[in-house]
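**Q** Next up, my_file.cif (mmCIF, C-alpha atoms).
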data_protein
#
loop_
_atom_site.label_atom_id
_atom_site.label_comp_id
_atom_site.auth_asym_id
_atom_site.auth_seq_id
_atom_site.Cartn_x
_atom_site.Cartn_y
_atom_site.Cartn_z
CA MET A 1 102.50 102.61 77.29
CA THR A 2 99.97 100.27 75.70
CA ILE A 3 97.04 99.04 77.79
CA THR A 4 94.84 96.24 76.45
CA LEU A 5 91.23 96.40 77.62
CA GLN A 6 89.66 92.99 78.29
CA THR A 7 86.17 93.55 76.93
CA SER A 8 85.26 89.94 77.77
CA LYS A 9 85.91 90.77 81.43
CA LEU A 10 83.82 93.93 81.01
CA VAL A 11 80.88 91.86 79.74
CA GLU A 12 81.31 89.35 82.58
CA ILE A 13 81.22 92.13 85.18
CA PHE A 14 78.16 93.76 83.60
CA VAL A 15 76.17 90.50 83.47
CA MET A 16 76.80 89.79 87.14
CA CYS A 17 76.09 93.39 88.16
CA ASP A 18 72.89 93.50 86.13
CA ASP A 19 71.61 90.26 87.67
CA PHE A 20 72.42 91.59 91.13
CA CYS A 21 70.73 94.97 90.53
CA LYS A 22 67.54 93.25 89.38
CA LYS A 23 67.41 91.10 92.51
CA PHE A 24 68.36 94.09 94.67
CA SER A 25 65.53 96.20 93.25
CA GLN A 26 63.04 93.37 93.63
CA TYR A 27 64.10 92.89 97.25
CA HIS A 28 63.46 96.56 97.94
CA LEU A 29 60.01 96.37 96.38
CA ASP A 30 59.07 93.16 98.22
CA ASN A 31 60.10 94.61 101.58
CA GLY A 32 58.48 98.01 101.16
CA PHE A 33 61.66 100.05 100.88
CA GLN A 34 61.49 103.34 99.04
CA SER A 35 63.87 103.20 96.12
CA GLU A 36 65.30 106.12 94.20
CA PRO A 37 63.70 106.89 90.83
CA PRO A 38 65.47 105.27 87.85
CA THR A 39 68.14 107.29 86.15
CA GLN A 40 67.59 108.72 82.67
CA GLY A 41 70.10 107.27 80.24
CA MET A 42 72.45 104.93 82.08
CA CYS A 43 71.16 102.21 84.37
CA GLU A 44 72.71 101.45 87.77
CA SER A 45 74.37 98.27 86.53
CA GLU A 46 76.20 100.28 83.85
CA ILE A 47 77.46 102.79 86.41
CA ILE A 48 78.62 99.99 88.71
CA THR A 49 80.35 98.19 85.83
CA ILE A 50 82.25 101.33 84.81
CA VAL A 51 83.40 101.89 88.41
CA ILE A 52 84.60 98.30 88.82
CA PHE A 53 86.24 98.02 85.41
CA TYR A 54 88.25 101.18 86.08
CA HIS A 55 90.21 99.26 88.74
CA LEU A 56 91.08 96.57 86.19
CA SER A 57 91.90 98.92 83.32
CA GLY A 58 95.38 99.90 84.50
CA PHE A 59 94.57 103.63 84.56
CA LYS A 60 95.30 105.72 87.64
CA CYS A 61 93.20 108.77 86.71
CA PHE A 62 89.44 108.16 86.67
CA LYS A 63 88.74 111.38 84.76
CA TYR A 64 91.03 110.34 81.90
CA TYR A 65 89.64 106.79 81.99
CA TYR A 66 86.05 107.99 81.70
CA ARG A 67 86.53 110.68 79.05
CA CYS A 68 89.04 108.86 76.85
CA ILE A 69 88.12 105.20 77.36
CA VAL A 70 84.49 104.91 78.42
CA CYS A 71 83.43 107.68 76.04
CA GLY A 72 85.92 106.42 73.45
CA PRO A 73 86.65 102.74 72.66
CA LEU A 74 83.98 101.53 75.13
CA LYS A 75 81.26 103.82 73.75
CA PRO A 76 79.48 100.95 71.92
CA TYR A 77 79.05 99.22 75.31
CA PHE A 78 77.71 102.39 76.97
CA PRO A 79 75.84 104.39 74.28
CA ASN A 80 74.03 106.68 76.76
CA THR A 81 77.03 107.97 78.69
CA TYR A 82 76.72 111.06 80.86
CA SER A 83 79.09 113.97 81.00
CA TYR A 84 81.95 113.41 83.41
CA PRO A 85 80.72 115.81 86.16
CA TYR A 86 77.23 114.29 86.09
CA PHE A 87 78.59 110.73 86.17
CA VAL A 88 80.71 111.54 89.24
CA ALA A 89 77.57 112.89 90.92
CA MET A 90 75.65 109.72 90.02
CA MET A 91 78.37 107.46 91.45
CA LYS A 92 77.18 108.33 94.95
CA ARG A 93 73.86 106.60 94.22
CA VAL A 94 75.52 103.20 93.79
CA ASN A 95 77.61 103.27 96.98
CA PHE A 96 75.33 100.87 98.85
CA HIS A 97 74.84 98.72 95.74
CA LEU A 98 78.60 98.21 95.51
CA PHE A 99 78.87 97.37 99.20
CA ALA A 100 76.01 94.88 99.02
CA PHE A 101 77.36 93.30 95.82
CA LEU A 102 80.76 92.84 97.47
CA SER A 103 79.36 91.55 100.77
CA PHE A 104 76.82 89.07 99.41
CA CYS A 105 78.13 88.04 95.97
CA ARG A 106 81.91 88.39 95.84
CA VAL A 107 83.30 87.08 99.15
CA ALA A 108 84.58 83.51 99.27
CA SER A 109 84.32 80.80 101.91
CA MET A 110 87.10 79.80 104.28
CA GLY A 111 89.74 77.29 103.22
CA GLN A 112 92.21 75.17 105.13
CA GLY A 113 94.53 78.13 105.58
CA ASN A 114 93.01 81.53 106.35
CA TYR A 115 94.81 84.75 107.21
CA ILE A 116 93.82 87.93 109.02
CA ASP A 117 95.56 91.29 108.87
CA ALA A 118 94.95 95.02 108.42
CA THR A 119 96.44 97.62 106.10
CA LYS A 120 96.43 101.40 106.22
CA LEU A 121 94.44 103.54 103.79
CA VAL A 122 96.15 106.92 103.78
CA VAL A 123 93.90 109.85 102.84
CA CYS A 124 96.48 112.65 102.97
CA HIS A 125 100.13 113.35 103.67
CA ASN A 126 101.06 113.88 107.31
CA LYS A 127 102.09 117.47 106.60
CA ARG A 128 98.57 118.31 105.38
CA ILE A 129 96.71 116.89 108.38
CA PRO A 130 95.92 120.30 109.99
CA SER A 131 94.38 121.63 106.76
CA HIS A 132 92.61 118.42 105.71
CA LYS A 133 88.80 118.71 105.76
CA VAL A 134 87.33 115.91 103.63
CA PHE A 135 87.73 113.17 106.27
CA GLN A 136 87.50 115.41 109.29
CA GLY A 137 86.03 113.43 112.18
CA ILE A 138 86.33 110.12 110.27
CA ALA A 139 90.02 109.55 109.59
CA LYS A 140 92.41 109.29 112.52
CA ARG A 141 96.15 109.16 113.06
CA GLY A 142 97.45 105.63 113.37
CA LYS A 143 100.74 103.83 113.40
CA SER A 144 101.81 100.94 111.20
CA SER A 145 105.07 99.09 110.70
CA THR A 146 106.17 101.86 108.32
CA GLY A 147 105.39 104.76 110.66
CA TRP A 148 102.60 107.20 111.42
CA PHE A 149 99.79 107.87 108.94
CA PHE A 150 96.46 109.70 108.73
CA GLY A 151 93.52 107.77 107.37
CA LEU A 152 91.53 104.57 107.78
CA LYS A 153 92.26 100.86 108.10
CA LEU A 154 91.07 97.94 106.01
CA HIS A 155 90.77 94.75 108.08
CA ALA A 156 90.50 91.63 105.96
CA VAL A 157 90.45 87.84 106.05
CA ILE A 158 91.60 85.79 103.06
CA ASN A 159 91.93 82.06 102.39
CA HIS A 160 95.00 80.23 101.07
CA LEU A 161 93.81 80.85 97.50
CA GLY A 162 94.08 84.61 98.00
CA GLN A 163 90.30 85.08 97.90
CA LEU A 164 88.63 87.71 100.06
CA VAL A 165 86.60 86.07 102.84
CA ALA A 166 85.64 88.98 105.14
CA PHE A 167 86.40 92.69 105.48
CA THR A 168 85.63 95.80 107.49
CA VAL A 169 86.86 99.40 107.60
CA THR A 170 87.76 101.38 110.72
CA ALA A 171 89.52 104.58 111.69
CA GLY A 172 93.31 104.51 111.53
CA ASN A 173 93.78 104.50 115.30
CA VAL A 174 91.83 101.27 115.89
CA SER A 175 93.98 98.35 117.02
CA ASP A 176 94.17 95.25 114.83
CA ALA A 177 93.30 93.10 117.87
CA ASN A 178 90.33 95.24 118.92
CA PRO A 179 87.79 92.76 120.41
CA ASP A 180 84.75 94.39 118.78
CA ILE A 181 86.42 94.41 115.35
CA LEU A 182 87.52 90.78 115.68
CA GLN A 183 84.00 89.75 116.68
CA LYS A 184 82.47 91.62 113.75
CA LEU A 185 85.04 90.48 111.21
CA THR A 186 84.89 86.79 112.15
CA ALA A 187 81.18 86.55 112.99
CA ARG A 188 80.41 83.91 110.35
CA LEU A 189 83.82 82.18 110.26
CA LYS A 190 84.78 78.77 111.63
CA GLY A 191 88.01 76.80 111.36
CA PHE A 192 91.62 77.99 111.66
CA LEU A 193 92.67 81.61 111.33
CA TYR A 194 96.34 82.65 111.15
CA GLY A 195 97.80 86.05 111.99
CA ASP A 196 100.91 87.81 113.26
CA ALA A 197 101.77 88.50 116.90
CA GLY A 198 99.64 91.64 116.88
CA TYR A 199 96.49 89.48 117.02
CA ILE A 200 97.32 87.92 120.39
CA SER A 201 94.18 88.81 122.31
CA SER A 202 92.08 87.65 125.22
CA ILE A 203 89.17 87.23 122.82
CA ALA A 204 90.84 84.13 121.35
CA LYS A 205 89.12 81.97 123.97
CA ASN A 206 85.70 83.32 123.02
CA LEU A 207 86.43 82.70 119.33
CA ASN A 208 87.53 79.16 120.11
CA GLN A 209 84.23 78.46 121.89
CA ARG A 210 82.28 79.14 118.70
CA GLY A 211 84.56 77.07 116.46
CA LEU A 212 87.23 79.53 115.32
CA GLU A 213 90.81 78.93 116.47
CA LEU A 214 93.11 81.95 116.17
CA ILE A 215 96.74 80.85 115.66
CA THR A 216 99.37 83.57 115.84
CA LYS A 217 103.11 83.95 115.83
CA LEU A 218 104.39 84.09 119.41
CA ARG A 219 106.34 86.89 120.98
CA GLU A 220 109.86 86.30 122.29
CA ASN A 221 108.78 86.09 125.94
CA MET A 222 106.04 83.51 125.32
CA LYS A 223 106.18 79.75 125.62
CA PRO A 224 105.98 77.82 122.34
CA LYS A 225 102.72 76.07 121.49
CA ASP A 226 102.31 72.55 120.18
CA LEU A 227 101.20 72.96 116.57
CA THR A 228 100.52 70.28 114.00
CA PRO A 229 102.66 70.18 110.84
CA GLU A 230 99.69 71.56 108.90
CA GLN A 231 99.30 74.50 111.29
CA LYS A 232 103.02 75.24 111.14
CA TYR A 233 102.88 75.17 107.34
CA TYR A 234 100.06 77.72 107.09
CA LEU A 235 101.47 79.92 109.85
CA GLN A 236 104.77 80.19 107.96
CA HIS A 237 102.90 81.53 104.91
CA ARG A 238 100.97 84.28 106.69
CA GLY A 239 102.82 86.80 104.46
CA LEU A 240 100.38 85.83 101.69
CA ILE A 241 97.94 88.49 102.86
CA GLU A 242 100.62 91.16 102.39
CA SER A 243 100.83 90.16 98.72
CA VAL A 244 97.04 90.49 98.50
CA PHE A 245 97.11 93.99 100.02
CA ASN A 246 99.91 94.97 97.64
CA LEU A 247 97.83 93.89 94.64
CA MET A 248 94.76 95.70 95.96
CA LYS A 249 96.67 98.95 96.41
CA ASN A 250 99.04 99.01 93.44
CA PHE A 251 96.87 97.38 90.78
CA CYS A 252 93.27 97.82 91.95
CA ASN A 253 94.07 101.33 93.24
CA ILE A 254 92.02 101.20 96.45
CA GLU A 255 94.24 103.85 98.07
CA HIS A 256 94.93 107.40 96.94
CA SER A 257 94.81 110.88 98.50
CA ARG A 258 92.70 112.77 95.93
CA HIS A 259 89.21 112.13 97.30
CA ARG A 260 86.82 115.08 97.45
CA SER A 261 84.12 113.37 99.50
CA THR A 262 83.90 110.42 101.88
CA ILE A 263 81.19 108.74 99.78
CA ASN A 264 83.43 108.75 96.71
CA PHE A 265 86.18 107.25 98.88
CA PHE A 266 83.96 104.28 99.72
CA VAL A 267 82.75 103.97 96.12
CA ASN A 268 86.40 103.74 95.08
CA LEU A 269 87.19 101.26 97.87
CA TRP A 270 84.26 98.91 97.21
CA GLY A 271 84.91 99.09 93.45
CA GLY A 272 88.59 98.21 93.95
CA LEU A 273 87.82 95.28 96.24
CA ILE A 274 85.23 93.93 93.81
CA ALA A 275 87.69 94.32 90.95
CA TYR A 276 90.21 92.28 92.94
CA THR A 277 87.73 89.39 93.12
CA PHE A 278 87.52 89.39 89.30
CA ILE A 279 91.27 88.93 88.80
CA ASP A 280 91.92 85.53 87.22
CA GLN A 281 95.25 84.74 88.91
CA LEU A 282 95.41 85.69 92.57
CA PRO A 283 98.35 85.28 94.97
CA SER A 284 98.03 81.85 96.58
CA ILE A 285 99.91 79.04 98.29
CA PRO A 286 99.63 75.29 97.64
CA GLN A 287 97.24 73.38 99.85
CA TYR A 288 98.96 71.43 102.60
CA LEU A 289 99.46 67.76 101.73
CA GLN A 290 100.15 65.41 104.60
CA LYS A 291 103.23 63.24 104.16
CA LEU A 292 102.39 59.55 104.05
CA GLY A 293 104.28 56.90 106.02
CA LYS A 294 105.77 53.76 104.53
CA GLU A 295 102.81 51.61 105.55
CA GLU A 296 100.32 54.01 103.95
CA VAL A 297 102.35 54.18 100.73
CA ALA A 298 102.48 50.39 100.55
CA LEU A 299 98.74 50.19 101.14
CA ILE A 300 98.05 52.65 98.29
CA LYS A 301 100.28 50.65 95.90
CA ASN A 302 98.28 47.48 96.63
CA ILE A 303 94.95 49.12 95.83
CA VAL A 304 93.43 47.87 92.57
CA PHE A 305 91.35 50.49 90.74
CA ILE A 306 88.43 49.01 88.84
#
Written as structure tokens, how would this file's structure read?
**A**
Amino acid sequence: MTITLQTSKLVEIFVMCDDFCKKFSQYHLDNGFQSEPPTQGMCESEIITIVIFYHLSGFKCFKYYYRCIVCGPLKPYFPNTYSYPYFVAMMKRVNFHLFAFLSFCRVASMGQGNYIDATKLVVCHNKRIPSHKVFQGIAKRGKSSTGWFFGLKLHAVINHLGQLVAFTVTAGNVSDANPDILQKLTARLKGFLYGDAGYISSIAKNLNQRGLELITKLRENMKPKDLTPEQKYYLQHRGLIESVFNLMKNFCNIEHSRHRSTINFFVNLWGGLIAYTFIDQLPSIPQYLQKLGKEEVALIKNIVFI
């Protein structure tokens, strides 16, 4: 198997991470926060770049990626690399940096069509639940469309271009339509939001009062609603978010069951989500175009462009 490393993408990620880290450090100094002493050798932006680029490299083993790629072909880009055990220990220091970079720099704005859904993040096989200790007290048993699982849930909102708009992480037993989660996830959102029947909730009225209309697929025992052609179009394409989750899991590798600490789990998750935002071609659907009537078509033909 031949994997081509996009060093131009590596440079792009580093430049953005370095600019963010400088502003982040300055913000801490201006507001009187106590920051950790600088690392000897590699700077924080280098560590963050390596973590993010791993999720775009095509490798599934971080240890092999670091020892054979970062310390190999990418050595000119990172001349002061640490040993692998020390680098893994230093990754914990950039957990909040990754979260802040994703939250404030890499999320997109809402579009005409926006979708909400949740996906499971399995942390161990069901047979190993009694002996599992890493996520003890954090991960919970939940049920998805594919059966029972043990882990966490990623709740996300995307627009029709496949861009990540909002996200949050909960225990696996939290309902998708949990009122507190919906309030937190959609706090800054306005417009139309499409989801499956699992998001039918009494909180929809409260969301509508602050400018966010939640449109869902109806259950069999419910009366049909009057939707516009545009709303019907976007509701029919709500499966787009499943394609996004599939890309996040299978390419960006945000889910695996080999974590040895909860902090490293979140470092891996934030790094994978950031890496997703750097993908050039995301799953998307065409923007809805309203069909014009005969009178409107005739009017357009008579327009003279100067």
**Q** If you apply the PyMOL selection byres ((chain A and resi 151) around 12) to this file, what residues do you get, as a VMD selection string?
**A** chain A and resid 119 to 126 128 to 129 132 134 to 144 148 to 150 152 to 154 169 to 174 255 to 257 259 262 265
**Q** Return as a PyMOL selection string the set of residues that the PyMOL selection byres ((chain A and resi 200) around 10) yields on the displayed structure.
**A** chain A and resi 176-177+195-199+201-204+214-219
**Q** What does the structure give for the distance between CA of Met16 in chain A and CA of Ser45 in chain A, in Å to one decimal?
**A**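 Pair CA of Met16 in chain A / CA of Ser45 in chain A returns 8.8 Å.
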**Q** Taking the point (103.5, 77.3, 109.2) as given in the file, collect each protein or nucleic acid residue that comes within 12 Å of it, counting all atoms listed in the file, and present the set as a ChimeraX atom specification.
**A** /A:113-115,193-196,215-217,227-240,285,287-288
**Q** Measuring atom to atom with only C-alpha atoms, identify which of A:Arg210, A:Lys23, A:Lys133, A:His155 is nearest to Lys190 in chain A.
**A**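 Closest candidate: A:Arg210.
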**Q** Would you work out the distance separating CA of Ser284 in chain A from CA of Ser8 in chain A, expressed in Å to one decimal?
**A**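 Computed distance, CA of Ser284 in chain A to CA of Ser8 in chain A, equals 24.1 Å.
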**Q** Quick one: distance from CA of Lys205 in chain A to CA of Gln183 in chain A in Å, one decimal?
**A**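 Computing the Euclidean distance for CA of Lys205 in chain A and CA of Gln183 in chain A yields 11.8 Å.
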**Q** Expanded to explicit residues, what is the PyMOL selection byres ((chain A and resi 107-112) around 8) for this file, as a PDB file with C-alpha atoms, in the frame of the given file?
**A**
ATOM      1  CA  LEU A 102      80.760  92.840  97.470  1.00  0.00           C
ATOM      2  CA  SER A 103      79.360  91.550 100.770  1.00  0.00           C
ATOM      3  CA  PHE A 104      76.820  89.070  99.410  1.00  0.00           C
ATOM      4  CA  CYS A 105      78.130  88.040  95.970  1.00  0.00           C
ATOM      5  CA  ARG A 106      81.910  88.390  95.840  1.00  0.00           C
ATOM      6  CA  GLY A 113      94.530  78.130 105.580  1.00  0.00           C
ATOM      7  CA  ASN A 114      93.010  81.530 106.350  1.00  0.00           C
ATOM      8  CA  ILE A 158      91.600  85.790 103.060  1.00  0.00           C
ATOM      9  CA  ASN A 159      91.930  82.060 102.390  1.00  0.00           C
ATOM     10  CA  HIS A 160      95.000  80.230 101.070  1.00  0.00           C
ATOM     11  CA  LEU A 161      93.810  80.850  97.500  1.00  0.00           C
ATOM     12  CA  GLN A 163      90.300  85.080  97.900  1.00  0.00           C
ATOM     13  CA  LEU A 164      88.630  87.710 100.060  1.00  0.00           C
ATOM     14  CA  VAL A 165      86.600  86.070 102.840  1.00  0.00           C
ATOM     15  CA  ALA A 166      85.640  88.980 105.140  1.00  0.00           C
ATOM     16  CA  LEU A 189      83.820  82.180 110.260  1.00  0.00           C
ATOM     17  CA  LYS A 190      84.780  78.770 111.630  1.00  0.00           C
ATOM     18  CA  GLY A 191      88.010  76.800 111.360  1.00  0.00           C
ATOM     19  CA  PHE A 192      91.620  77.990 111.660  1.00  0.00           C
ATOM     20  CA  THR A 277      87.730  89.390  93.120  1.00  0.00           C
ATOM     21  CA  GLN A 287      97.240  73.380  99.850  1.00  0.00           C
TER      22      GLN A 287
END
**Q** Would you mind telling me which residue in A:Pro224, A:Arg188, A:Phe99, A:Gln26 lies nearest to Gly211 in chain A when using only C-alpha atoms?
**A**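 Checking each of A:Pro224, A:Arg188, A:Phe99, A:Gln26 against Gly211 in chain A, counting only C-alpha atoms, the winner is A:Arg188.
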**Q** Between A:Thr168, A:Asn95, A:Asn268, A:Asn208, which has the minimum distance to Lys184 in chain A (counting only C-alpha atoms)?
**A**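 Nearest to Lys184 in chain A: A:Thr168.
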**Q** Find the residues with any atom within 6 Å of (87.5, 84.2, 115.5); use only C-alpha atoms and the coordinates as given in the file, and write the answer as a PDB file with C-alpha atoms, in the frame of the given file.
**A**
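Dumped everything to point_20.pdb:
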ATOM      1  CA  THR A 186      84.890  86.790 112.150  1.00  0.00           C
ATOM      2  CA  LEU A 207      86.430  82.700 119.330  1.00  0.00           C
ATOM      3  CA  LEU A 212      87.230  79.530 115.320  1.00  0.00           C
TER       4      LEU A 212
END
**Q** Point out the residue among A:Ile181, A:Ile52, A:Ile254, A:Ala118 with the least atom-to-atom distance to Glu12 in chain A, counting all atoms listed in the file.
**A**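 Result for the nearest residue to Glu12 in chain A: A:Ile52.
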**Q** I'd like the neighbourhood of range 74-88 of chain A as a PyMOL selection string, where a residue qualifies if any of its atoms comes within 12 Å (using all atoms listed in the file), though same-chain residues fewer than 3 positions away should be ignored.
**A** chain A and resi 5-8+10-11+14+39-51+53-54+57+62-71+91-95+259-261+263-265+267-268
**Q** Dump C-alpha atoms for the selected residues as an mmCIF file, in the coordinates of the input?
**A**
data_model
loop_
_atom_site.group_PDB
_atom_site.id
_atom_site.type_symbol
_atom_site.label_atom_id
_atom_site.label_comp_id
_atom_site.auth_asym_id
_atom_site.auth_seq_id
_atom_site.Cartn_x
_atom_site.Cartn_y
_atom_site.Cartn_z
ATOM 1 C CA LEU A 5 91.230 96.400 77.620
ATOM 2 C CA GLN A 6 89.660 92.990 78.290
ATOM 3 C CA THR A 7 86.170 93.550 76.930
ATOM 4 C CA SER A 8 85.260 89.940 77.770
ATOM 5 C CA LEU A 10 83.820 93.930 81.010
ATOM 6 C CA VAL A 11 80.880 91.860 79.740
ATOM 7 C CA PHE A 14 78.160 93.760 83.600
ATOM 8 C CA THR A 39 68.140 107.290 86.150
ATOM 9 C CA GLN A 40 67.590 108.720 82.670
ATOM 10 C CA GLY A 41 70.100 107.270 80.240
ATOM 11 C CA MET A 42 72.450 104.930 82.080
ATOM 12 C CA CYS A 43 71.160 102.210 84.370
ATOM 13 C CA GLU A 44 72.710 101.450 87.770
ATOM 14 C CA SER A 45 74.370 98.270 86.530
ATOM 15 C CA GLU A 46 76.200 100.280 83.850
ATOM 16 C CA ILE A 47 77.460 102.790 86.410
ATOM 17 C CA ILE A 48 78.620 99.990 88.710
ATOM 18 C CA THR A 49 80.350 98.190 85.830
ATOM 19 C CA ILE A 50 82.250 101.330 84.810
ATOM 20 C CA VAL A 51 83.400 101.890 88.410
ATOM 21 C CA PHE A 53 86.240 98.020 85.410
ATOM 22 C CA TYR A 54 88.250 101.180 86.080
ATOM 23 C CA SER A 57 91.900 98.920 83.320
ATOM 24 C CA PHE A 62 89.440 108.160 86.670
ATOM 25 C CA LYS A 63 88.740 111.380 84.760
ATOM 26 C CA TYR A 64 91.030 110.340 81.900
ATOM 27 C CA TYR A 65 89.640 106.790 81.990
ATOM 28 C CA TYR A 66 86.050 107.990 81.700
ATOM 29 C CA ARG A 67 86.530 110.680 79.050
ATOM 30 C CA CYS A 68 89.040 108.860 76.850
ATOM 31 C CA ILE A 69 88.120 105.200 77.360
ATOM 32 C CA VAL A 70 84.490 104.910 78.420
ATOM 33 C CA CYS A 71 83.430 107.680 76.040
ATOM 34 C CA MET A 91 78.370 107.460 91.450
ATOM 35 C CA LYS A 92 77.180 108.330 94.950
ATOM 36 C CA ARG A 93 73.860 106.600 94.220
ATOM 37 C CA VAL A 94 75.520 103.200 93.790
ATOM 38 C CA ASN A 95 77.610 103.270 96.980
ATOM 39 C CA HIS A 259 89.210 112.130 97.300
ATOM 40 C CA ARG A 260 86.820 115.080 97.450
ATOM 41 C CA SER A 261 84.120 113.370 99.500
ATOM 42 C CA ILE A 263 81.190 108.740 99.780
ATOM 43 C CA ASN A 264 83.430 108.750 96.710
ATOM 44 C CA PHE A 265 86.180 107.250 98.880
ATOM 45 C CA VAL A 267 82.750 103.970 96.120
ATOM 46 C CA ASN A 268 86.400 103.740 95.080
#
**Q** Between A:Cys252, A:Leu185, A:Leu56, A:Ile274, which is the closest to Cys17 in chain A once you count only C-alpha atoms?
**A**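 The shortest atom-to-atom distance to Cys17 in chain A comes from A:Ile274.
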**Q** For range 72-85 of chain A, I'd like the enclosing box, axis-aligned and padded by 8 Å on every side, reported as JSON with centre and edge lengths in Å to one decimal.
**A**
{"center_x": 80.3, "center_y": 107.5, "center_z": 79.0, "size_x": 28.6, "size_y": 32.6, "size_z": 30.2}
**Q** Counting only C-alpha atoms, which residue out of A:Gly72, A:His97, A:Ile116, A:Asn253 sits closest to Phe20 in chain A?
**A**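 Using only C-alpha atoms, the shortest distance to Phe20 in chain A belongs to A:His97.
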